[in-house]
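Pasting work.cif here (mmCIF, C-alpha atoms):
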data_start
#
loop_
_atom_site.label_atom_id
_atom_site.label_comp_id
_atom_site.auth_asym_id
_atom_site.auth_seq_id
_atom_site.Cartn_x
_atom_site.Cartn_y
_atom_site.Cartn_z
CA ALA A 11 17.05 -19.68 -28.44
CA LYS A 12 17.87 -20.76 -24.90
CA ALA A 13 15.18 -22.58 -22.96
CA TRP A 14 13.22 -20.96 -20.15
CA ARG A 15 14.11 -21.99 -16.61
CA THR A 16 11.38 -22.97 -14.16
CA VAL A 17 12.32 -22.60 -10.52
CA ARG A 18 10.77 -22.30 -7.09
CA LEU A 19 10.10 -18.64 -6.43
CA GLY A 20 11.61 -18.90 -2.94
CA ASP A 21 14.95 -19.94 -4.46
CA VAL A 22 15.39 -16.87 -6.64
CA ILE A 23 14.25 -14.02 -4.37
CA ARG A 24 15.24 -12.23 -1.19
CA LEU A 25 12.29 -11.58 1.14
CA PHE A 26 12.04 -8.67 3.55
CA SER A 27 9.42 -8.49 6.26
CA GLY A 28 7.97 -5.24 7.53
CA GLY A 29 7.03 -3.87 10.90
CA THR A 30 5.13 -1.19 12.77
CA PRO A 31 6.58 1.22 15.32
CA SER A 32 4.64 1.48 18.58
CA ARG A 33 1.50 3.58 18.07
CA SER A 34 1.71 4.80 21.67
CA LYS A 35 4.95 6.69 20.99
CA SER A 36 4.11 9.83 19.04
CA GLU A 37 7.81 10.49 18.41
CA TYR A 38 7.84 7.43 16.11
CA TRP A 39 5.21 8.88 13.77
CA GLY A 40 4.94 11.79 11.37
CA GLY A 41 8.55 11.77 10.22
CA ASN A 42 9.81 11.76 6.65
CA ILE A 43 10.16 8.01 6.05
CA LYS A 44 7.35 6.73 3.84
CA TRP A 45 5.72 3.73 5.52
CA LEU A 46 3.34 1.62 3.42
CA SER A 47 0.32 -0.38 4.41
CA ILE A 48 -1.96 -2.48 2.18
CA PRO A 49 -4.24 0.41 1.03
CA ASP A 50 -1.15 2.25 -0.29
CA ILE A 51 -0.24 -0.82 -2.34
CA ALA A 52 -3.81 -1.29 -3.56
CA ASN A 53 -3.94 2.39 -4.62
CA ALA A 54 -0.91 1.85 -6.83
CA ASN A 55 -3.08 -0.37 -9.07
CA GLY A 56 -0.30 -2.82 -9.79
CA GLY A 57 2.21 -0.14 -10.76
CA TYR A 58 4.73 2.02 -8.94
CA VAL A 59 3.86 3.30 -5.49
CA TYR A 60 4.97 6.90 -4.93
CA ASN A 61 3.39 7.75 -1.63
CA SER A 62 2.14 6.45 1.67
CA ALA A 63 -0.71 7.62 3.88
CA GLU A 64 1.57 7.46 6.93
CA ARG A 65 5.19 8.29 7.66
CA ILE A 66 7.52 7.28 10.44
CA THR A 67 10.57 8.88 12.03
CA GLU A 68 14.19 7.64 12.14
CA GLU A 69 13.54 6.81 15.80
CA GLY A 70 10.43 4.81 14.91
CA LEU A 71 12.43 2.90 12.34
CA GLU A 72 15.18 2.17 14.85
CA HIS A 73 12.81 0.87 17.54
CA SER A 74 10.71 -1.44 15.34
CA PRO A 75 11.19 -4.35 12.92
CA ALA A 76 10.40 -1.94 10.04
CA ARG A 77 13.22 -1.37 7.58
CA VAL A 78 13.73 0.83 4.55
CA VAL A 79 14.10 -1.20 1.37
CA PRO A 80 15.52 0.14 -1.91
CA LYS A 81 13.71 1.63 -4.91
CA ASP A 82 12.28 -1.03 -7.28
CA THR A 83 11.64 -3.47 -4.44
CA ILE A 84 8.36 -5.28 -5.08
CA VAL A 85 5.95 -5.03 -2.16
CA ILE A 86 3.20 -7.63 -1.86
CA SER A 87 0.27 -7.73 0.57
CA ALA A 88 0.34 -10.93 2.62
CA ARG A 89 -2.74 -10.62 4.86
CA GLY A 90 -6.30 -9.48 4.42
CA THR A 91 -6.29 -8.47 0.77
CA VAL A 92 -3.62 -10.94 -0.30
CA GLY A 93 -1.52 -10.68 -3.44
CA LYS A 94 -1.71 -6.95 -4.17
CA LEU A 95 1.57 -5.87 -5.76
CA ALA A 96 3.39 -2.63 -6.31
CA MET A 97 6.94 -1.54 -7.03
CA LEU A 98 8.61 1.14 -4.94
CA ALA A 99 9.35 4.37 -6.80
CA GLU A 100 11.85 5.27 -4.05
CA PRO A 101 13.18 3.70 -0.83
CA MET A 102 10.38 3.11 1.71
CA ALA A 103 9.42 1.03 4.75
CA PHE A 104 6.22 -1.02 5.17
CA ASN A 105 4.17 -2.82 7.80
CA GLN A 106 4.15 -6.50 8.76
CA SER A 107 1.14 -7.29 6.52
CA CYS A 108 3.50 -7.02 3.54
CA TYR A 109 6.68 -8.52 2.18
CA GLY A 110 9.39 -6.84 0.17
CA ILE A 111 10.79 -8.90 -2.70
CA LYS A 112 14.08 -8.52 -4.58
CA ALA A 113 15.18 -10.81 -7.42
CA LYS A 114 18.51 -12.55 -6.93
CA GLU A 115 19.91 -10.86 -10.02
CA GLU A 116 23.07 -12.97 -9.73
CA LEU A 117 20.87 -15.95 -10.73
CA GLY A 118 19.95 -14.19 -13.97
CA LEU A 119 16.55 -12.88 -12.87
CA ASN A 120 15.64 -9.29 -13.71
CA GLN A 121 13.70 -7.31 -11.06
CA ARG A 122 11.20 -5.71 -13.47
CA TYR A 123 10.59 -9.01 -15.23
CA LEU A 124 10.00 -10.62 -11.81
CA PHE A 125 7.36 -7.97 -11.08
CA TYR A 126 5.33 -8.88 -14.19
CA ALA A 127 5.91 -12.63 -13.76
CA LEU A 128 4.68 -12.39 -10.14
CA LYS A 129 1.53 -10.53 -11.21
CA ASN A 130 0.76 -13.33 -13.62
CA VAL A 131 1.63 -16.18 -11.23
CA ILE A 132 -0.44 -14.72 -8.38
CA LYS A 133 -3.48 -14.22 -10.58
CA SER A 134 -3.46 -17.90 -11.60
CA ALA A 135 -2.55 -19.11 -8.09
CA LYS A 136 -5.52 -17.24 -6.61
CA ARG A 137 -7.81 -18.65 -9.30
CA LEU A 138 -6.66 -22.18 -8.46
CA ALA A 139 -6.75 -21.82 -4.71
CA HIS A 140 -10.06 -20.08 -3.88
CA GLY A 141 -8.64 -19.19 -0.49
CA GLY A 142 -6.79 -22.04 1.18
CA VAL A 143 -3.07 -21.43 0.87
CA PHE A 144 -3.64 -17.91 -0.37
CA ASP A 145 -5.71 -16.53 2.50
CA THR A 146 -2.39 -15.47 3.98
CA PHE A 147 1.07 -15.43 2.46
CA THR A 148 3.84 -16.79 4.64
CA THR A 149 7.48 -17.25 3.70
CA ASP A 150 6.53 -20.86 2.85
CA THR A 151 4.01 -19.69 0.26
CA PHE A 152 6.87 -18.47 -1.92
CA ASP A 153 8.32 -22.00 -1.90
CA GLN A 154 5.05 -23.36 -3.30
CA ILE A 155 5.04 -21.08 -6.34
CA ASP A 156 6.95 -21.85 -9.52
CA ILE A 157 8.23 -19.11 -11.77
CA SER A 158 9.63 -19.36 -15.32
CA TYR A 159 12.07 -17.03 -16.96
CA PRO A 160 14.05 -16.81 -20.20
CA ALA A 161 17.56 -15.42 -20.79
CA ILE A 162 18.20 -12.01 -19.18
CA GLU A 163 18.08 -10.02 -22.45
CA THR A 164 14.67 -11.51 -23.27
CA GLN A 165 13.44 -10.73 -19.75
CA LYS A 166 14.50 -7.10 -20.17
CA ARG A 167 12.70 -6.87 -23.52
CA ILE A 168 9.50 -8.40 -22.08
CA ALA A 169 9.60 -6.11 -19.02
CA GLY A 170 10.28 -3.09 -21.27
CA VAL A 171 7.23 -3.77 -23.45
CA LEU A 172 4.96 -4.35 -20.45
CA ALA A 173 6.29 -1.24 -18.68
CA ALA A 174 5.55 0.83 -21.79
CA PHE A 175 1.95 -0.43 -21.75
CA ASP A 176 1.67 0.37 -18.05
CA GLU A 177 2.91 3.89 -18.71
CA LYS A 178 0.37 4.37 -21.50
CA ILE A 179 -2.42 3.12 -19.22
CA GLU A 180 -1.29 5.45 -16.43
CA ASN A 181 -1.15 8.43 -18.83
CA ASN A 182 -4.59 7.61 -20.23
CA ASN A 183 -6.01 7.40 -16.70
CA ARG A 184 -4.50 10.81 -15.90
CA ILE A 185 -5.99 12.30 -19.07
CA ILE A 186 -9.41 10.80 -18.28
CA LYS A 187 -9.26 12.21 -14.73
CA THR A 188 -8.34 15.68 -16.06
CA LEU A 189 -11.13 15.57 -18.65
CA GLU A 190 -13.63 14.52 -15.97
CA GLU A 191 -12.51 17.45 -13.78
CA ILE A 192 -12.88 19.86 -16.71
CA ALA A 193 -16.35 18.45 -17.50
CA GLN A 194 -17.35 18.87 -13.83
CA ALA A 195 -16.12 22.47 -13.82
CA ILE A 196 -18.04 23.27 -17.00
CA PHE A 197 -21.15 21.53 -15.66
CA LYS A 198 -20.99 23.57 -12.42
CA LYS A 199 -20.81 26.80 -14.42
#
Any chance you could give the structure as structure tokens?
Amino acid sequence: AKAWRTVRLGDVIRLFSGGTPSRSKSEYWGGNIKWLSIPDIANANGGYVYNSAERITEEGLEHSPARVVPKDTIVISARGTVGKLAMLAEPMAFNQSCYGIKAKEELGLNQRYLFYALKNVIKSAKRLAHGGVFDTFTTDTFDQIDISYPAIETQKRIAGVLAAFDEKIENNNRIIKTLEEIAQAIFKK
């Protein structure tokens, strides 16, 4: 078996920053471009994010630093509640309190594997730091984090297993919610 590589996170990812269209221009808001903020990411519970509380217009996108990033981009909260992660279920934009992250796949790093590796790395980094470096994420923060990964086929297998567990958890949560609603309805009767 080939050895795992350990690298600086900043060397193997592309980072995208977000932005916010001017709030004073109503024509920038209420369009059909999903625009994430930290609560949207937190609501995804470390899985895929499908929706955003707010939406912006093409014009709002054009006149702000916001940009639409592709499906499967990892979005991480960088201020306030730091280190919340989600993966985009479709192309979306996001505000400046977040970063978008794409694996440099040409370096043999799989995007879904990166998602799970990041979850793990951030959990331990936050445990170690108790604030400090991790009160806010800057582009430099990503250069202070190491990440390890095996050969691409192994990464895909690992990500596949973890994704299957995530799907089971999500399905179970949906079933629980439905059962609770049914119980409430019966109780009200």
Check what the PyMOL selection byres ((chain A and resi 76) around 10) selects in the file above and give those residues as a PDB file with C-alpha atoms, in the frame of the given file.
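part-v3.pdb written:
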ATOM      1  CA  PHE A  26      12.040  -8.670   3.550  1.00  0.00           C
ATOM      2  CA  SER A  27       9.420  -8.490   6.260  1.00  0.00           C
ATOM      3  CA  GLY A  28       7.970  -5.240   7.530  1.00  0.00           C
ATOM      4  CA  GLY A  29       7.030  -3.870  10.900  1.00  0.00           C
ATOM      5  CA  THR A  30       5.130  -1.190  12.770  1.00  0.00           C
ATOM      6  CA  PRO A  31       6.580   1.220  15.320  1.00  0.00           C
ATOM      7  CA  TRP A  45       5.720   3.730   5.520  1.00  0.00           C
ATOM      8  CA  ILE A  66       7.520   7.280  10.440  1.00  0.00           C
ATOM      9  CA  GLY A  70      10.430   4.810  14.910  1.00  0.00           C
ATOM     10  CA  LEU A  71      12.430   2.900  12.340  1.00  0.00           C
ATOM     11  CA  GLU A  72      15.180   2.170  14.850  1.00  0.00           C
ATOM     12  CA  HIS A  73      12.810   0.870  17.540  1.00  0.00           C
ATOM     13  CA  SER A  74      10.710  -1.440  15.340  1.00  0.00           C
ATOM     14  CA  PRO A  75      11.190  -4.350  12.920  1.00  0.00           C
ATOM     15  CA  ARG A  77      13.220  -1.370   7.580  1.00  0.00           C
ATOM     16  CA  VAL A  78      13.730   0.830   4.550  1.00  0.00           C
ATOM     17  CA  VAL A  79      14.100  -1.200   1.370  1.00  0.00           C
ATOM     18  CA  MET A 102      10.380   3.110   1.710  1.00  0.00           C
ATOM     19  CA  ALA A 103       9.420   1.030   4.750  1.00  0.00           C
ATOM     20  CA  PHE A 104       6.220  -1.020   5.170  1.00  0.00           C
ATOM     21  CA  ASN A 105       4.170  -2.820   7.800  1.00  0.00           C
ATOM     22  CA  GLN A 106       4.150  -6.500   8.760  1.00  0.00           C
TER      23      GLN A 106
END
Completion exercise
The residue from A:Ser32, A:Glu100, A:Val22, A:Thr188 with the smallest atom-to-atom distance to Leu46 (chain A), counting all atoms listed in the file, is A:Glu100
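Closest approach to Gly110 (chain A) among A:Ile23, A:Ile162, A:Asn55, A:Lys12: A:Ile23, based on all atoms listed in the file.
The environment of Gly20 (chain A) within 9 Å, counting all atoms listed in the file and disregarding residues fewer than 4 places along the same chain, consists of Arg24, Leu25, Thr149, Asp150, Thr151, Phe152, Asp153, Gln154, Ile155 and Asp156 of chain A.
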Exercise for the section: Enter the distance from CA of Lys166 (chain A) to CA of Ser62 (chain A), in Å, rounded to one decimal. Expected result: 28.5 Å
Handout entry: Long-range neighbours of Leu95 (chain A) as a PyMOL selection string, 9 Å cut-off, all atoms listed in the file, 5 positions minimum in chain
Key = chain A and resi 51-52+54-57+84-87+125+128-129
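We find CA of Ile111 (chain A) and CA of Val59 (chain A) to be spaced 14.3 Å apart.
CA of Asp82 (chain A) to CA of Gly118 (chain A) spans 16.6 Å [interatomic distance, one decimal].
Distance check against Tyr38 (chain A) using only C-alpha atoms: of A:Gln194, A:Tyr126, A:Glu68, A:Asp145, the minimum falls on A:Glu68.
Distances to Asn53 (chain A) were evaluated for A:Lys94, A:Arg15, A:Lys187, A:Arg65 using only C-alpha atoms, and the minimum falls at A:Lys94.
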Given 6 Å on each side, where is the centre and what are the edge lengths in Å to one decimal of the axis-aligned box enclosing the listed atoms of region 60-79 of chain A, as lines of an AutoDock Vina configuration file?
center_x = 7.2
center_y = 2.3
center_z = 6.3
size_x = 27.9
size_y = 25.2
size_z = 34.5
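Take the candidates A:Lys198, A:Lys114, A:Arg122, A:Arg18 and check each one against Tyr58 (chain A) using all atoms listed in the file; the shortest distance goes to A:Arg122.
When all atoms listed in the file are used to compute distances to Tyr109 (chain A), the closest of the residues A:Ala161, A:Ile192, A:Ala127, A:Ala96 turns out to be A:Ala96.
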Please produce region 125-136 of chain A, completed to all heavy atoms, as a tab-separated table (two decimals), keeping the file's coordinate frame.
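Written out: rebuild-v1.tsv:
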chain	number	residue	atom	x	y	z
A	125	PHE	N	8.59	-8.68	-11.43
A	125	PHE	CA	7.36	-7.97	-11.08
A	125	PHE	C	6.19	-8.44	-11.96
A	125	PHE	O	5.12	-8.80	-11.45
A	125	PHE	CB	7.59	-6.46	-11.24
A	125	PHE	CG	6.39	-5.62	-10.91
A	125	PHE	CD1	5.80	-5.67	-9.66
A	125	PHE	CD2	5.88	-4.73	-11.84
A	125	PHE	CE1	4.71	-4.87	-9.34
A	125	PHE	CE2	4.79	-3.92	-11.54
A	125	PHE	CZ	4.21	-3.99	-10.29
A	126	TYR	N	6.41	-8.47	-13.27
A	126	TYR	CA	5.33	-8.88	-14.19
A	126	TYR	C	5.05	-10.38	-14.08
A	126	TYR	O	3.90	-10.81	-14.14
A	126	TYR	CB	5.68	-8.48	-15.62
A	126	TYR	CG	5.60	-6.98	-15.80
A	126	TYR	CD1	6.75	-6.21	-15.95
A	126	TYR	CD2	4.37	-6.32	-15.77
A	126	TYR	CE1	6.68	-4.83	-16.07
A	126	TYR	CE2	4.29	-4.94	-15.89
A	126	TYR	CZ	5.45	-4.20	-16.05
A	126	TYR	OH	5.36	-2.83	-16.17
A	127	ALA	N	6.09	-11.18	-13.90
A	127	ALA	CA	5.91	-12.63	-13.76
A	127	ALA	C	5.10	-12.93	-12.49
A	127	ALA	O	4.20	-13.78	-12.51
A	127	ALA	CB	7.27	-13.32	-13.71
A	128	LEU	N	5.41	-12.20	-11.41
A	128	LEU	CA	4.68	-12.39	-10.14
A	128	LEU	C	3.20	-12.04	-10.29
A	128	LEU	O	2.33	-12.75	-9.79
A	128	LEU	CB	5.27	-11.50	-9.06
A	128	LEU	CG	6.28	-12.11	-8.12
A	128	LEU	CD1	6.77	-11.06	-7.13
A	128	LEU	CD2	5.69	-13.29	-7.38
A	129	LYS	N	2.93	-10.93	-10.97
A	129	LYS	CA	1.53	-10.53	-11.21
A	129	LYS	C	0.77	-11.68	-11.85
A	129	LYS	O	-0.34	-12.01	-11.45
A	129	LYS	CB	1.49	-9.34	-12.18
A	129	LYS	CG	1.48	-7.99	-11.56
A	129	LYS	CD	1.24	-6.97	-12.68
A	129	LYS	CE	1.34	-5.57	-12.18
A	129	LYS	NZ	1.13	-4.59	-13.24
A	130	ASN	N	1.39	-12.26	-12.87
A	130	ASN	CA	0.76	-13.33	-13.62
A	130	ASN	C	0.59	-14.59	-12.77
A	130	ASN	O	-0.48	-15.19	-12.75
A	130	ASN	CB	1.64	-13.62	-14.85
A	130	ASN	CG	0.99	-14.60	-15.79
A	130	ASN	OD1	-0.22	-14.57	-15.99
A	130	ASN	ND2	1.78	-15.48	-16.34
A	131	VAL	N	1.64	-14.97	-12.06
A	131	VAL	CA	1.63	-16.18	-11.23
A	131	VAL	C	0.58	-16.06	-10.11
A	131	VAL	O	-0.15	-17.01	-9.84
A	131	VAL	CB	3.04	-16.40	-10.63
A	131	VAL	CG1	2.99	-17.27	-9.40
A	131	VAL	CG2	3.95	-17.01	-11.67
A	132	ILE	N	0.49	-14.90	-9.50
A	132	ILE	CA	-0.44	-14.72	-8.38
A	132	ILE	C	-1.88	-14.77	-8.86
A	132	ILE	O	-2.73	-15.38	-8.23
A	132	ILE	CB	-0.12	-13.43	-7.61
A	132	ILE	CG1	1.10	-13.71	-6.74
A	132	ILE	CG2	-1.28	-12.97	-6.76
A	132	ILE	CD1	1.77	-12.50	-6.21
A	133	LYS	N	-2.13	-14.18	-10.02
A	133	LYS	CA	-3.48	-14.22	-10.58
A	133	LYS	C	-3.92	-15.68	-10.75
A	133	LYS	O	-5.00	-16.06	-10.34
A	133	LYS	CB	-3.50	-13.49	-11.93
A	133	LYS	CG	-4.83	-12.85	-12.24
A	133	LYS	CD	-4.82	-12.17	-13.60
A	133	LYS	CE	-4.17	-10.80	-13.55
A	133	LYS	NZ	-3.98	-10.19	-14.86
A	134	SER	N	-3.07	-16.51	-11.36
A	134	SER	CA	-3.46	-17.90	-11.60
A	134	SER	C	-3.48	-18.69	-10.29
A	134	SER	O	-4.34	-19.55	-10.11
A	134	SER	CB	-2.57	-18.57	-12.64
A	134	SER	OG	-1.22	-18.34	-12.36
A	135	ALA	N	-2.57	-18.40	-9.37
A	135	ALA	CA	-2.55	-19.11	-8.09
A	135	ALA	C	-3.84	-18.84	-7.31
A	135	ALA	O	-4.43	-19.74	-6.73
A	135	ALA	CB	-1.34	-18.68	-7.27
A	136	LYS	N	-4.29	-17.59	-7.33
A	136	LYS	CA	-5.52	-17.24	-6.61
A	136	LYS	C	-6.73	-17.90	-7.25
A	136	LYS	O	-7.64	-18.35	-6.57
A	136	LYS	CB	-5.69	-15.72	-6.55
A	136	LYS	CG	-4.80	-15.08	-5.50
A	136	LYS	CD	-4.78	-13.59	-5.60
A	136	LYS	CE	-5.91	-12.96	-4.83
A	136	LYS	NZ	-5.77	-11.51	-4.77
